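K.L.:
Sending over final08.cif (mmCIF, C-alpha atoms and all ligand atoms).
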data_my_file
loop_
_atom_site.label_atom_id
_atom_site.label_comp_id
_atom_site.auth_asym_id
_atom_site.auth_seq_id
_atom_site.Cartn_x
_atom_site.Cartn_y
_atom_site.Cartn_z
CA MET A 1 -75.92 -12.76 125.85
CA ILE A 2 -73.67 -11.24 123.21
CA GLU A 3 -74.82 -8.07 121.47
CA LEU A 4 -72.91 -6.32 118.72
CA TYR A 5 -73.49 -2.79 117.55
CA HIS A 6 -72.07 -2.70 114.07
CA PHE A 7 -72.38 -1.66 110.51
CA TRP A 8 -71.79 -4.13 107.74
CA ASP A 9 -69.18 -2.48 105.53
CA SER A 10 -66.72 -1.67 108.30
CA PRO A 11 -63.39 -3.51 108.56
CA CYS A 12 -63.41 -3.21 112.37
CA CYS A 13 -66.92 -4.67 112.65
CA PHE A 14 -66.14 -7.33 110.04
CA LYS A 15 -63.17 -8.43 112.18
CA VAL A 16 -65.35 -8.93 115.26
CA ARG A 17 -68.07 -10.72 113.27
CA THR A 18 -65.36 -13.08 111.96
CA VAL A 19 -64.21 -13.91 115.50
CA LEU A 20 -67.82 -14.57 116.54
CA ALA A 21 -68.33 -16.82 113.51
CA GLU A 22 -65.03 -18.72 113.98
CA LYS A 23 -66.20 -19.52 117.50
CA ASN A 24 -69.75 -20.39 116.40
CA LEU A 25 -71.19 -17.85 118.83
CA GLU A 26 -74.76 -16.56 118.63
CA TRP A 27 -75.12 -12.80 118.82
CA LYS A 28 -77.80 -10.19 118.68
CA ALA A 29 -77.22 -7.50 116.07
CA HIS A 30 -77.83 -3.79 116.50
CA LEU A 31 -77.32 -2.29 113.09
CA ILE A 32 -76.07 1.28 112.75
CA ALA A 33 -76.50 3.35 109.60
CA SER A 34 -73.23 5.29 109.67
CA VAL A 35 -74.10 7.31 106.57
CA GLN A 36 -76.97 8.77 108.59
CA PHE A 37 -74.60 9.49 111.53
CA ASP A 38 -76.61 7.18 113.77
CA HIS A 39 -73.46 6.38 115.76
CA PHE A 40 -73.68 9.96 117.08
CA LYS A 41 -77.09 9.44 118.64
CA PRO A 42 -76.88 10.01 122.42
CA GLU A 43 -78.08 6.47 123.22
CA TYR A 44 -75.16 5.00 121.25
CA GLN A 45 -72.69 7.52 122.67
CA ALA A 46 -73.74 6.38 126.13
CA LEU A 47 -72.27 2.98 125.21
CA ASN A 48 -69.41 4.16 123.04
CA PRO A 49 -68.19 7.68 123.86
CA HIS A 50 -65.95 7.62 120.77
CA SER A 51 -68.99 7.22 118.48
CA LEU A 52 -67.22 4.47 116.59
CA ALA A 53 -68.26 0.95 115.72
CA PRO A 54 -68.12 -1.82 116.82
CA THR A 55 -69.33 -2.02 120.41
CA LEU A 56 -69.76 -5.39 122.09
CA VAL A 57 -72.07 -5.86 125.04
CA HIS A 58 -71.55 -9.21 126.78
CA ASP A 59 -73.88 -9.99 129.67
CA GLY A 60 -74.20 -6.25 130.24
CA ARG A 61 -70.44 -5.53 130.05
CA VAL A 62 -69.51 -2.99 127.38
CA ILE A 63 -66.28 -3.72 125.49
CA LEU A 64 -64.82 -1.24 123.00
CA HIS A 65 -62.24 -1.39 120.16
CA SER A 66 -62.29 -4.25 117.70
CA GLY A 67 -58.87 -5.63 118.68
CA VAL A 68 -59.72 -5.58 122.38
CA ILE A 69 -63.11 -7.17 121.66
CA ALA A 70 -61.42 -9.91 119.60
CA GLU A 71 -59.00 -10.81 122.41
CA TYR A 72 -61.78 -10.61 125.00
CA LEU A 73 -63.93 -13.06 123.03
CA ASP A 74 -60.94 -15.34 122.60
CA GLU A 75 -60.29 -15.44 126.33
CA ILE A 76 -63.90 -15.94 127.38
CA PHE A 77 -64.81 -18.47 124.68
CA SER A 78 -61.53 -20.34 124.58
CA ASP A 79 -62.66 -23.67 123.06
CA ILE A 80 -61.56 -22.57 119.61
CA GLY A 81 -58.34 -20.63 120.26
CA LEU A 82 -57.32 -17.80 117.99
CA VAL A 83 -54.30 -16.60 120.00
CA PRO A 84 -51.08 -18.67 119.83
CA ASN A 85 -50.06 -20.22 123.13
CA ASN A 86 -46.37 -19.40 122.89
CA SER A 87 -45.04 -15.95 123.71
CA GLU A 88 -43.08 -15.42 120.51
CA ASP A 89 -46.00 -16.12 118.18
CA ARG A 90 -48.33 -14.17 120.43
CA ALA A 91 -46.00 -11.16 120.11
CA ILE A 92 -45.91 -11.56 116.32
CA MET A 93 -49.69 -11.79 116.21
CA ARG A 94 -50.01 -8.62 118.31
CA GLN A 95 -47.50 -6.75 116.16
CA TRP A 96 -49.76 -7.40 113.17
CA THR A 97 -53.04 -6.66 114.92
CA HIS A 98 -51.42 -3.42 116.07
CA ASP A 99 -50.08 -2.61 112.60
CA GLU A 100 -53.49 -3.28 111.08
CA GLN A 101 -55.04 -0.64 113.32
CA ALA A 102 -52.15 1.83 113.36
CA TYR A 103 -51.12 1.74 109.69
CA LEU A 104 -53.27 -0.37 107.36
CA PHE A 105 -56.68 0.78 108.56
CA PRO A 106 -55.84 4.52 108.16
CA LEU A 107 -54.58 3.84 104.61
CA ILE A 108 -57.85 2.04 103.87
CA VAL A 109 -59.79 5.02 105.24
CA THR A 110 -57.91 7.38 102.88
CA LEU A 111 -58.57 5.13 99.90
CA SER A 112 -62.19 4.52 100.87
CA PHE A 113 -62.89 8.21 101.37
CA ASN A 114 -61.56 9.02 97.93
CA LEU A 115 -63.00 6.10 96.01
CA MET A 116 -66.17 5.21 97.92
CA MET A 117 -67.47 7.87 100.30
CA THR A 118 -67.38 10.55 97.61
CA LEU A 119 -70.08 8.59 95.77
CA ARG A 120 -72.54 9.39 98.54
CA GLU A 121 -73.02 12.90 97.23
CA LYS A 122 -74.07 11.49 93.88
CA ALA A 123 -76.33 8.89 95.50
CA TYR A 124 -78.18 10.99 98.06
CA GLY A 125 -77.44 14.60 97.11
CA MET A 126 -75.77 17.14 99.41
CA GLU A 127 -79.04 18.31 100.91
CA GLN A 128 -79.77 14.89 102.42
CA LEU A 129 -76.17 14.43 103.62
CA ARG A 130 -76.32 17.87 105.26
CA GLU A 131 -79.59 16.97 106.95
CA TRP A 132 -78.17 13.74 108.43
CA SER A 133 -74.96 15.50 109.46
CA LYS A 134 -76.94 17.70 111.88
CA ARG A 135 -76.86 14.69 114.26
CA HIS A 136 -73.09 15.06 114.56
CA PRO A 137 -72.18 16.98 117.73
CA ASP A 138 -68.94 18.35 116.29
CA GLN A 139 -69.98 20.63 113.47
CA ASN A 140 -66.33 21.43 112.71
CA LYS A 141 -65.77 17.80 111.79
CA VAL A 142 -69.01 17.75 109.84
CA GLN A 143 -67.83 20.58 107.62
CA ASP A 144 -64.65 18.62 106.96
CA TYR A 145 -66.66 15.49 106.11
CA LEU A 146 -69.02 17.38 103.79
CA ARG A 147 -66.10 19.07 102.10
CA ARG A 148 -64.33 15.74 101.58
CA VAL A 149 -67.35 13.90 100.19
CA SER A 150 -68.07 16.72 97.78
CA SER A 151 -64.45 17.18 96.62
CA PRO A 152 -63.01 15.51 93.55
CA LYS A 153 -60.88 12.51 94.41
CA ASP A 154 -57.35 13.38 95.41
CA GLN A 155 -55.12 11.26 93.17
CA ASP A 156 -51.92 12.21 95.03
CA SER A 157 -53.33 10.92 98.32
CA ILE A 158 -54.56 7.74 96.60
CA ASP A 159 -51.15 7.09 95.03
CA ALA A 160 -49.30 7.74 98.28
CA ALA A 161 -51.66 5.43 100.23
CA ILE A 162 -51.24 2.65 97.65
CA GLU A 163 -47.46 2.97 97.74
CA LYS A 164 -47.40 2.75 101.53
CA PHE A 165 -49.86 -0.16 101.51
CA ILE A 166 -47.57 -2.10 99.14
CA TRP A 167 -44.65 -1.39 101.46
CA HIS A 168 -46.59 -2.96 104.35
CA MET A 169 -47.54 -5.94 102.17
CA LYS A 170 -43.84 -6.56 101.52
CA ARG A 171 -43.28 -6.68 105.28
CA LEU A 172 -46.18 -9.09 105.57
CA GLU A 173 -44.76 -11.25 102.77
CA LYS A 174 -41.50 -11.49 104.72
CA GLN A 175 -43.36 -12.43 107.90
CA ILE A 176 -45.32 -15.21 106.18
CA SER A 177 -42.14 -16.47 104.58
CA GLU A 178 -40.31 -16.53 107.94
CA SER A 179 -43.21 -18.24 109.73
CA GLY A 180 -43.48 -20.84 106.95
CA GLY A 181 -47.09 -19.78 106.27
CA PRO A 182 -49.79 -20.07 105.24
CA TRP A 183 -50.72 -17.64 108.04
CA VAL A 184 -48.92 -14.84 109.86
CA CYS A 185 -47.99 -17.24 112.68
CA GLY A 186 -47.21 -20.24 110.50
CA GLU A 187 -49.82 -22.96 110.67
CA PHE A 188 -51.75 -21.28 113.46
CA TYR A 189 -54.70 -19.22 112.19
CA SER A 190 -54.82 -16.27 114.57
CA LEU A 191 -56.37 -12.88 115.24
CA ALA A 192 -53.65 -11.41 113.01
CA ASP A 193 -55.11 -13.17 109.95
CA ILE A 194 -58.62 -12.30 111.10
CA SER A 195 -57.65 -8.61 111.32
CA LEU A 196 -56.05 -8.60 107.89
CA GLY A 197 -58.96 -10.30 106.11
CA PRO A 198 -61.36 -7.33 106.15
CA ILE A 199 -58.55 -4.97 105.12
CA LEU A 200 -57.79 -7.11 102.06
CA ASP A 201 -61.51 -7.48 101.38
CA ARG A 202 -61.77 -3.68 101.23
CA ILE A 203 -58.74 -3.55 98.93
CA GLU A 204 -60.54 -6.00 96.64
CA HIS A 205 -63.73 -3.90 96.63
CA LEU A 206 -61.69 -0.79 95.95
CA ASP A 207 -60.54 -2.72 92.87
CA LEU A 208 -56.93 -2.46 94.03
CA LEU A 209 -55.96 -6.12 94.35
CA HIS A 210 -53.00 -5.42 92.07
CA VAL A 211 -51.26 -4.15 95.22
CA LEU A 212 -50.62 -7.84 95.97
CA ASP A 213 -48.98 -8.57 92.62
CA LYS A 214 -45.47 -8.54 94.11
CA THR A 215 -46.40 -10.43 97.29
CA PRO A 216 -47.62 -13.90 96.24
CA ARG A 217 -47.66 -15.29 99.78
CA VAL A 218 -49.98 -12.50 100.92
CA ALA A 219 -52.19 -13.05 97.87
CA GLU A 220 -52.31 -16.78 98.68
CA MET A 221 -53.11 -16.03 102.32
CA TYR A 222 -56.02 -13.83 101.25
CA ASP A 223 -57.31 -16.57 98.93
CA GLN A 224 -57.16 -19.00 101.87
CA ILE A 225 -58.95 -16.54 104.16
CA LYS A 226 -61.78 -16.24 101.63
CA THR A 227 -62.38 -20.00 101.69
CA ARG A 228 -63.19 -19.93 105.42
CA LEU A 229 -66.89 -20.20 106.17
CA ALA A 230 -66.57 -17.82 109.13
CA PHE A 231 -65.09 -15.12 106.91
CA GLN A 232 -67.81 -15.65 104.31
CA SER A 233 -70.61 -15.41 106.84
CA ALA A 234 -69.09 -12.28 108.43
CA ALA A 235 -68.64 -10.48 105.11
CA PRO A 236 -71.17 -7.82 104.10
CA GLU A 237 -73.79 -8.87 101.60
CA HIS A 238 -73.90 -6.93 98.35
CA ASP A 239 -76.70 -4.56 99.43
CA TYR A 240 -74.75 -3.56 102.55
CA ARG A 241 -71.55 -2.81 100.70
CA MET A 242 -70.77 0.82 100.05
CA TRP A 243 -70.82 2.15 96.55
CA GLY A 244 -67.38 2.06 95.02
CA PRO A 245 -65.34 1.06 92.00
CA LYS A 246 -67.03 -2.35 91.94
CA LYS A 247 -70.54 -1.22 92.85
CA PRO A 248 -71.84 1.77 90.89
CA VAL A 249 -74.22 4.31 92.36
CA PRO A 250 -77.75 3.93 90.95
CA LYS A 251 -78.58 6.27 88.09
CA THR A 252 -81.51 7.81 89.93
CA GLN A 253 -81.18 9.47 93.34
CA VAL A 254 -81.40 7.01 96.25
CA SER A 255 -84.36 7.46 98.55
CA SER A 256 -83.56 8.25 102.17
CA ASP A 257 -85.97 5.48 103.16
CA ALA A 258 -84.04 2.71 101.41
CA PRO A 259 -83.81 -0.33 103.75
CA TYR A 260 -81.87 0.64 106.87
CA GLY A 261 -78.08 0.46 106.55
CA THR A 262 -78.10 -0.53 102.87
CA PHE A 263 -76.44 1.05 99.86
CA PRO A 264 -78.95 0.00 97.22
CA SER A 265 -77.87 -0.83 93.72
CA GLU A 266 -80.34 -0.01 90.90
N1 LIG B 301 -59.95 1.44 117.14
C1 LIG B 301 -61.37 1.33 116.82
C2 LIG B 301 -61.63 2.02 115.52
C3 LIG B 301 -63.10 2.00 115.21
C4 LIG B 301 -63.44 2.72 113.93
O1 LIG B 301 -62.72 3.63 113.47
N2 LIG B 301 -64.59 2.33 113.38
C5 LIG B 301 -65.05 2.89 112.15
C6 LIG B 301 -65.61 1.77 111.28
S1 LIG B 301 -64.34 0.62 110.79
C7 LIG B 301 -66.16 3.87 112.46
O2 LIG B 301 -66.94 3.69 113.36
N3 LIG B 301 -66.25 4.93 111.65
C8 LIG B 301 -67.27 5.89 111.74
C9 LIG B 301 -66.77 7.29 111.82
O3 LIG B 301 -65.55 7.50 111.75
O4 LIG B 301 -67.60 8.19 111.95
C10 LIG B 301 -61.75 -0.15 116.72
O5 LIG B 301 -60.90 -0.97 116.35
O6 LIG B 301 -62.88 -0.50 117.06
#
Represent the structure contained in this file as structure tokens.

P.N.:
Amino acid sequence: MIELYHFWDSPCCFKVRTVLAEKNLEWKAHLIASVQFDHFKPEYQALNPHSLAPTLVHDGRVILHSGVIAEYLDEIFSDIGLVPNNSEDRAIMRQWTHDEQAYLFPLIVTLSFNLMMTLREKAYGMEQLREWSKRHPDQNKVQDYLRRVSSPKDQDSIDAAIEKFIWHMKRLEKQISESGGPWVCGEFYSLADISLGPILDRIEHLDLLHVLDKTPRVAEMYDQIKTRLAFQSAAPEHDYRMWGPKKPVPKTQVSSDAPYGTFPSE
């Protein structure tokens, strides 16, 4: 049995859900409400000591880190292969899955914190956020989180993250051009493309798709990714997407008993 502990609007979880969907695998969902700090509950920490999502449990074996989970699933369920079978392409794929985690994901976190997470204060009010944050074992980090969600957005950080993101997209454009496209490894759709999809999805929901204006091959790749049924089924539904530039916070304060894990609109 495959079990996935996840939250919907998380690029790392989205990546793993895409792999599961590409391989037509059934899985049992354990939803985590990250806004309520449920990933810091002791029962989840017993599975994932980092208190991060996703966590995969396959026949009782616990596998951590989205990239590792993706390769694990690819090896075990190898009928539909998502890792190239030649060394050179495999290395290229891994460079991009690495770069997604090491560079692109942190840039997305900066942008999301500034343009999405800060809306939580407006939605729930600081009192509720403070209440949930008591679950967090590291109160030093909590103070940092509460300070960041209640601070005005930091335009310098946003601009710097966008500039660096565009720089990475130019590298990606070059890679797609060299491979012949449409994917990172040419005609082979791989875990590299699967890792980049949720990152570009977040860029779209941050209303920043203009970052692809100068990289038409990357823009085309993202359009192609969005046509895949696996990507569509792995994507968060509207109610589970965080509030952000494309999803306004409701005008009245959101109740703490809104359906679990959702970010309700009106
Ligand atoms: N390297 C880890 C990173 C996991 C990660 O940072 N997950 C985010 C969601 S995409 C998370 O759990 N964030 C909650 C938090 O930081 O408290 C992976 O790929 O699984």

K.L.:
Using all atoms listed in the file, which protein or nucleic acid residues come within 9 Å of Glu71 in chain A? Drop anything in the same chain fewer than 5 positions from it, and give the result as a ChimeraX atom specification.

P.N.:
/A:66,76,82-83,191

K.L.:
What does the file look like for those residues with C-alpha atoms, as a tab-separated table (two decimals), keeping the file's coordinate frame?

P.N.:
chain	number	residue	atom	x	y	z
A	66	SER	CA	-62.29	-4.25	117.70
A	76	ILE	CA	-63.90	-15.94	127.38
A	82	LEU	CA	-57.32	-17.80	117.99
A	83	VAL	CA	-54.30	-16.60	120.00
A	191	LEU	CA	-56.37	-12.88	115.24

K.L.:
List all protein, DNA and RNA residues that have at least one atom no more than 7 Å from any atom of ligand LIG 301 (chain B), counting all atoms listed in the file, and write them as a CSV table (one decimal) with C-alpha atoms, in the coordinates of the input.

P.N.:
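Result file is part31.csv:
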chain,number,residue,atom,x,y,z
A,10,SER,CA,-66.7,-1.7,108.3
A,11,PRO,CA,-63.4,-3.5,108.6
A,12,CYS,CA,-63.4,-3.2,112.4
A,13,CYS,CA,-66.9,-4.7,112.6
A,34,SER,CA,-73.2,5.3,109.7
A,51,SER,CA,-69.0,7.2,118.5
A,52,LEU,CA,-67.2,4.5,116.6
A,53,ALA,CA,-68.3,1.0,115.7
A,54,PRO,CA,-68.1,-1.8,116.8
A,64,LEU,CA,-64.8,-1.2,123.0
A,65,HIS,CA,-62.2,-1.4,120.2
A,66,SER,CA,-62.3,-4.2,117.7
A,67,GLY,CA,-58.9,-5.6,118.7
A,101,GLN,CA,-55.0,-0.6,113.3

K.L.:
Measuring atom to atom with only C-alpha atoms, identify which of A:Arg61, A:Val35, A:Glu75, A:His168 is nearest to Leu146 in chain A.

P.N.:
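Result for the nearest residue to Leu146 in chain A: A:Val35.
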
K.L.:
Could you tell me how far CA of His6 in chain A sits from CA of Val62 in chain A, in Å to one decimal place?

P.N.:
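Between these atoms lies a distance of 13.6 Å.
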
K.L.:
Can you tell me which residues surround range 38-44 of chain A at a distance of at most 12 Å, considering only C-alpha atoms, apart from same-chain residues fewer than 5 positions away, and format the answer as a PyMOL selection string?

P.N.:
chain A and resi 4-7+30-33+49-57+62+132-139+142+260-261

K.L.:
What does the file look like for those residues with C-alpha atoms, as a PDB file, keeping the file's coordinate frame?

P.N.:
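Writing the result to selection_27.pdb gives the following:
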ATOM      1  CA  LEU A   4     -72.910  -6.320 118.720  1.00  0.00           C
ATOM      2  CA  TYR A   5     -73.490  -2.790 117.550  1.00  0.00           C
ATOM      3  CA  HIS A   6     -72.070  -2.700 114.070  1.00  0.00           C
ATOM      4  CA  PHE A   7     -72.380  -1.660 110.510  1.00  0.00           C
ATOM      5  CA  HIS A  30     -77.830  -3.790 116.500  1.00  0.00           C
ATOM      6  CA  LEU A  31     -77.320  -2.290 113.090  1.00  0.00           C
ATOM      7  CA  ILE A  32     -76.070   1.280 112.750  1.00  0.00           C
ATOM      8  CA  ALA A  33     -76.500   3.350 109.600  1.00  0.00           C
ATOM      9  CA  PRO A  49     -68.190   7.680 123.860  1.00  0.00           C
ATOM     10  CA  HIS A  50     -65.950   7.620 120.770  1.00  0.00           C
ATOM     11  CA  SER A  51     -68.990   7.220 118.480  1.00  0.00           C
ATOM     12  CA  LEU A  52     -67.220   4.470 116.590  1.00  0.00           C
ATOM     13  CA  ALA A  53     -68.260   0.950 115.720  1.00  0.00           C
ATOM     14  CA  PRO A  54     -68.120  -1.820 116.820  1.00  0.00           C
ATOM     15  CA  THR A  55     -69.330  -2.020 120.410  1.00  0.00           C
ATOM     16  CA  LEU A  56     -69.760  -5.390 122.090  1.00  0.00           C
ATOM     17  CA  VAL A  57     -72.070  -5.860 125.040  1.00  0.00           C
ATOM     18  CA  VAL A  62     -69.510  -2.990 127.380  1.00  0.00           C
ATOM     19  CA  TRP A 132     -78.170  13.740 108.430  1.00  0.00           C
ATOM     20  CA  SER A 133     -74.960  15.500 109.460  1.00  0.00           C
ATOM     21  CA  LYS A 134     -76.940  17.700 111.880  1.00  0.00           C
ATOM     22  CA  ARG A 135     -76.860  14.690 114.260  1.00  0.00           C
ATOM     23  CA  HIS A 136     -73.090  15.060 114.560  1.00  0.00           C
ATOM     24  CA  PRO A 137     -72.180  16.980 117.730  1.00  0.00           C
ATOM     25  CA  ASP A 138     -68.940  18.350 116.290  1.00  0.00           C
ATOM     26  CA  GLN A 139     -69.980  20.630 113.470  1.00  0.00           C
ATOM     27  CA  VAL A 142     -69.010  17.750 109.840  1.00  0.00           C
ATOM     28  CA  TYR A 260     -81.870   0.640 106.870  1.00  0.00           C
ATOM     29  CA  GLY A 261     -78.080   0.460 106.550  1.00  0.00           C
TER      30      GLY A 261
END

K.L.:
Could you tell me which of A:Ser255, A:Phe231, A:Glu178, A:Thr215 comes closest to Val16 in chain A if we count all atoms listed in the file?

P.N.:
A:Phe231

K.L.:
Could you pull the residues within 8 Å of range 112-125 of chain A, counting only C-alpha atoms, minus those fewer than 3 positions along the same chain, as a tab-separated table (two decimals) with C-alpha atoms, in the frame of the given file?

P.N.:
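Generated output (part_5.tsv):
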chain	number	residue	atom	x	y	z
A	108	ILE	CA	-57.85	2.04	103.87
A	109	VAL	CA	-59.79	5.02	105.24
A	128	GLN	CA	-79.77	14.89	102.42
A	129	LEU	CA	-76.17	14.43	103.62
A	148	ARG	CA	-64.33	15.74	101.58
A	149	VAL	CA	-67.35	13.90	100.19
A	150	SER	CA	-68.07	16.72	97.78
A	151	SER	CA	-64.45	17.18	96.62
A	152	PRO	CA	-63.01	15.51	93.55
A	153	LYS	CA	-60.88	12.51	94.41
A	154	ASP	CA	-57.35	13.38	95.41
A	158	ILE	CA	-54.56	7.74	96.60
A	206	LEU	CA	-61.69	-0.79	95.95
A	242	MET	CA	-70.77	0.82	100.05
A	243	TRP	CA	-70.82	2.15	96.55
A	244	GLY	CA	-67.38	2.06	95.02
A	245	PRO	CA	-65.34	1.06	92.00
A	249	VAL	CA	-74.22	4.31	92.36
A	250	PRO	CA	-77.75	3.93	90.95
A	252	THR	CA	-81.51	7.81	89.93
A	253	GLN	CA	-81.18	9.47	93.34
A	254	VAL	CA	-81.40	7.01	96.25
A	255	SER	CA	-84.36	7.46	98.55
A	256	SER	CA	-83.56	8.25	102.17

K.L.:
By how many Å are CA of Met1 in chain A and CA of Phe188 in chain A apart?

P.N.:
28.5 Å

K.L.:
Which residues are close to Asp74 in chain A, i.e. within 12 Å by all atoms listed in the file, leaving aside same-chain residues fewer than 6 positions away? Reply as a ChimeraX atom specification.

P.N.:
/A:16,18-25,67-68,80-85,190-191

K.L.:
What is the CA of Arg202 in chain A-CA of Ala219 in chain A distance in Å, reported with one decimal?

P.N.:
13.8 Å

K.L.:
Looking at A:Leu208, A:Leu172, A:Ile92, A:Leu200, which one is nearest to Lys226 in chain A, with distances taken over all atoms listed in the file?

P.N.:
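That would be A:Leu200, the residue with the smallest distance to Lys226 in chain A.
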
K.L.:
Smallest atom-to-atom distance to Trp167 in chain A: which of A:Lys247, A:His205, A:Lys214, A:Arg130, using all atoms listed in the file?

P.N.:
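Looking only at the distances to Trp167 in chain A, the closest residue turns out to be A:Lys214.
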
K.L.:
Nearest residue to Ala235 in chain A out of A:Glu88, A:Asp201, A:Asp159, A:Glu26, using all atoms listed in the file?

P.N.:
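Distance minimum relative to Ala235 in chain A lands on A:Asp201.
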
K.L.:
Using all atoms listed in the file for the distances, tell me which of A:Trp96, A:Leu212, A:Asp89, A:Phe14 is nearest to Gln232 in chain A.

P.N.:
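Checking each candidate against Gln232 in chain A, we get A:Phe14 as the closest.
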